[in-house]
>>> print(open('protein-v3.pdb').read())   # PDB, C-alpha atoms
ATOM      1  CA  ALA A  15      -5.585 -65.420  54.879
ATOM      2  CA  LEU A  16      -5.658 -61.799  53.752
ATOM      3  CA  HIS A  17      -8.457 -59.997  55.580
ATOM      4  CA  SER A  18      -9.645 -56.686  57.008
ATOM      5  CA  HIS A  19     -11.430 -55.610  60.189
ATOM      6  CA  ASN A  20     -14.256 -53.215  60.996
ATOM      7  CA  CYS A  21     -11.960 -51.163  63.266
ATOM      8  CA  ASP A  22      -8.347 -50.139  63.774
ATOM      9  CA  GLU A  23      -6.057 -52.921  65.008
ATOM     10  CA  GLN A  24      -2.719 -53.025  66.772
ATOM     11  CA  ILE A  25      -0.695 -56.209  67.038
ATOM     12  CA  VAL A  26       2.141 -56.613  69.536
ATOM     13  CA  ILE A  27       4.458 -59.555  68.874
ATOM     14  CA  LEU A  28       5.153 -61.085  72.287
ATOM     15  CA  SER A  29       7.399 -63.873  71.001
ATOM     16  CA  GLY A  30       8.513 -65.321  67.690
ATOM     17  CA  ARG A  31       9.172 -63.624  64.363
ATOM     18  CA  ALA A  32       6.580 -62.686  61.777
ATOM     19  CA  GLU A  33       6.024 -60.664  58.659
ATOM     20  CA  ALA A  34       3.095 -58.258  58.445
ATOM     21  CA  GLU A  35       1.645 -58.243  54.934
ATOM     22  CA  PHE A  36      -0.298 -55.206  53.722
ATOM     23  CA  GLY A  37      -0.188 -52.890  50.744
ATOM     24  CA  GLY A  38       1.281 -55.697  48.659
ATOM     25  CA  LYS A  39       4.481 -55.831  50.747
ATOM     26  CA  ARG A  40       5.786 -57.784  53.734
ATOM     27  CA  TYR A  41       7.427 -56.142  56.728
ATOM     28  CA  PRO A  42       9.442 -58.020  59.389
ATOM     29  CA  ILE A  43       8.175 -57.732  62.951
ATOM     30  CA  GLY A  44       9.647 -59.334  66.045
ATOM     31  CA  PRO A  45       9.266 -59.480  69.815
ATOM     32  CA  MET A  46       7.875 -56.347  71.465
ATOM     33  CA  GLU A  47       7.352 -54.627  68.110
ATOM     34  CA  VAL A  48       3.951 -53.228  67.142
ATOM     35  CA  ALA A  49       2.037 -53.131  63.857
ATOM     36  CA  PHE A  50      -0.828 -50.665  63.381
ATOM     37  CA  ILE A  51      -3.452 -51.663  60.792
ATOM     38  CA  PRO A  52      -6.148 -49.049  60.028
ATOM     39  CA  GLU A  53      -9.791 -50.084  59.716
ATOM     40  CA  GLY A  54     -10.495 -51.699  56.343
ATOM     41  CA  GLU A  55      -6.797 -52.288  55.435
ATOM     42  CA  VAL A  56      -6.343 -55.758  53.916
ATOM     43  CA  HIS A  57      -3.541 -57.551  55.754
ATOM     44  CA  CYS A  58      -2.270 -60.771  57.313
ATOM     45  CA  PHE A  59       0.643 -62.029  59.390
ATOM     46  CA  HIS A  60       3.053 -64.846  58.499
ATOM     47  CA  ASN A  61       5.194 -66.846  60.926
ATOM     48  CA  VAL A  62       8.725 -66.739  59.479
ATOM     49  CA  GLY A  63      10.649 -68.518  62.223
ATOM     50  CA  GLU A  64      10.861 -71.856  63.977
ATOM     51  CA  GLU A  65       9.112 -70.551  67.100
ATOM     52  CA  THR A  66       5.337 -70.156  67.339
ATOM     53  CA  VAL A  67       4.338 -66.490  67.083
ATOM     54  CA  LEU A  68       2.450 -65.189  70.109
ATOM     55  CA  MET A  69       0.504 -61.976  69.368
ATOM     56  CA  LEU A  70      -1.481 -59.539  71.475
ATOM     57  CA  PHE A  71      -4.430 -58.132  69.479
ATOM     58  CA  ILE A  72      -5.692 -54.656  70.427
ATOM     59  CA  TYR A  73      -8.843 -53.405  68.695
ATOM     60  CA  ALA A  74     -10.616 -50.051  68.676
ATOM     61  CA  ALA A  75     -14.047 -51.708  69.026
ATOM     62  CA  GLY A  76     -15.773 -54.125  71.361
ATOM     63  CA  SER A  77     -17.313 -56.148  68.534
ATOM     64  CA  VAL A  78     -14.748 -57.078  65.886
ATOM     65  CA  THR A  79     -15.311 -58.716  62.511
ATOM     66  CA  ARG A  80     -12.921 -60.233  59.989
ATOM     67  CA  THR A  81     -13.703 -59.938  56.267
ATOM     68  CA  PHE A  82     -11.735 -62.324  54.060
ATOM     69  CA  ALA A  83     -10.324 -60.562  50.983
ATOM     70  CA  GLU A  84     -10.618 -63.603  48.703
ATOM     71  CA  THR A  85     -14.294 -64.360  49.348
ATOM     72  CA  GLY A  86     -15.740 -61.191  50.920
ATOM     73  CA  GLU A  87     -17.160 -63.326  53.748
ATOM     74  CA  THR A  88     -17.443 -61.493  57.071
ATOM     75  CA  VAL A  89     -17.310 -63.397  60.377
ATOM     76  CA  THR A  90     -17.111 -62.482  64.044
ATOM     77  CA  HIS A  91     -13.448 -62.357  65.071
ATOM     78  CA  LEU A  92     -12.304 -65.525  66.898
ATOM     79  CA  SER A  93     -15.690 -67.213  66.424
ATOM     80  CA  GLU A  94     -16.062 -70.832  65.290
ATOM     81  CA  HIS A  95     -16.546 -69.482  61.740
ATOM     82  CA  ASP A  96     -13.263 -67.547  61.813
ATOM     83  CA  LEU A  97     -11.157 -69.810  59.598
ATOM     84  CA  ALA A  98      -8.042 -67.660  60.079
ATOM     85  CA  GLN A  99      -7.593 -69.041  63.586
ATOM     86  CA  PRO A 100      -5.616 -72.189  64.359
ATOM     87  CA  LYS A 101      -7.695 -75.150  65.396
ATOM     88  CA  THR A 102      -6.883 -77.194  68.497
ATOM     89  CA  ALA A 103      -7.108 -80.960  68.668
TER      90      ALA A 103
END
>>> encode(input="protein-v3.pdb", output="structure tokens")
Amino acid sequence: ALHSHNCDEQIVILSGRAEAEFGGKRYPIGPMEVAFIPEGEVHCFHNVGEETVLMLFIYAAGSVTRTFAETGETVTHLSEHDLAQPKTA
């Protein structure tokens, strides 16, 4: 889901292929490539390959929130209320 954070974010793709979506466009990003997303920039990442995408998140704050663009709801990043995260069985 399109969202923003309360701080700058860097994403390193460790494996798999993705597209970073921001500014109304999608940009391909693959293994060992980095995306920089400034604080407040609405964005999301899409898996575009067969392999699961493994990402390293780097944030410029110790307490990170995610605000969903569609609803305006703000949640603590990676909390049980963070619906952008995959659920495990």
>>> atom_distance(input="protein-v3.pdb", atom1="atom CA of Gly54 of chain A", atom2="atom CA of Thr66 of chain A")
26.7 Å
>>> residues_near_point(input="protein-v3.pdb", point="(2.0, -53.7, 52.7)", cutoff="12 Å", atoms="only C-alpha atoms", output="VMD selection string")
chain A and resid 16 33 to 42 49 to 52 55 to 59
>>> resolve_selection(input="protein-v3.pdb", expression="the PyMOL selection byres ((chain A and resi 67) around 8)", output="VMD selection string")
chain A and resid 27 to 32 61 65 to 66 68 to 69
>>> atom_distance(input="protein-v3.pdb", atom1="atom CA of Glu53 of chain A", atom2="atom CA of Asn20 of chain A")
5.6 Å
>>> atom_distance(input="protein-v3.pdb", atom1="atom CA of Cys21 of chain A", atom2="atom CA of Gly63 of chain A")
28.5 Å
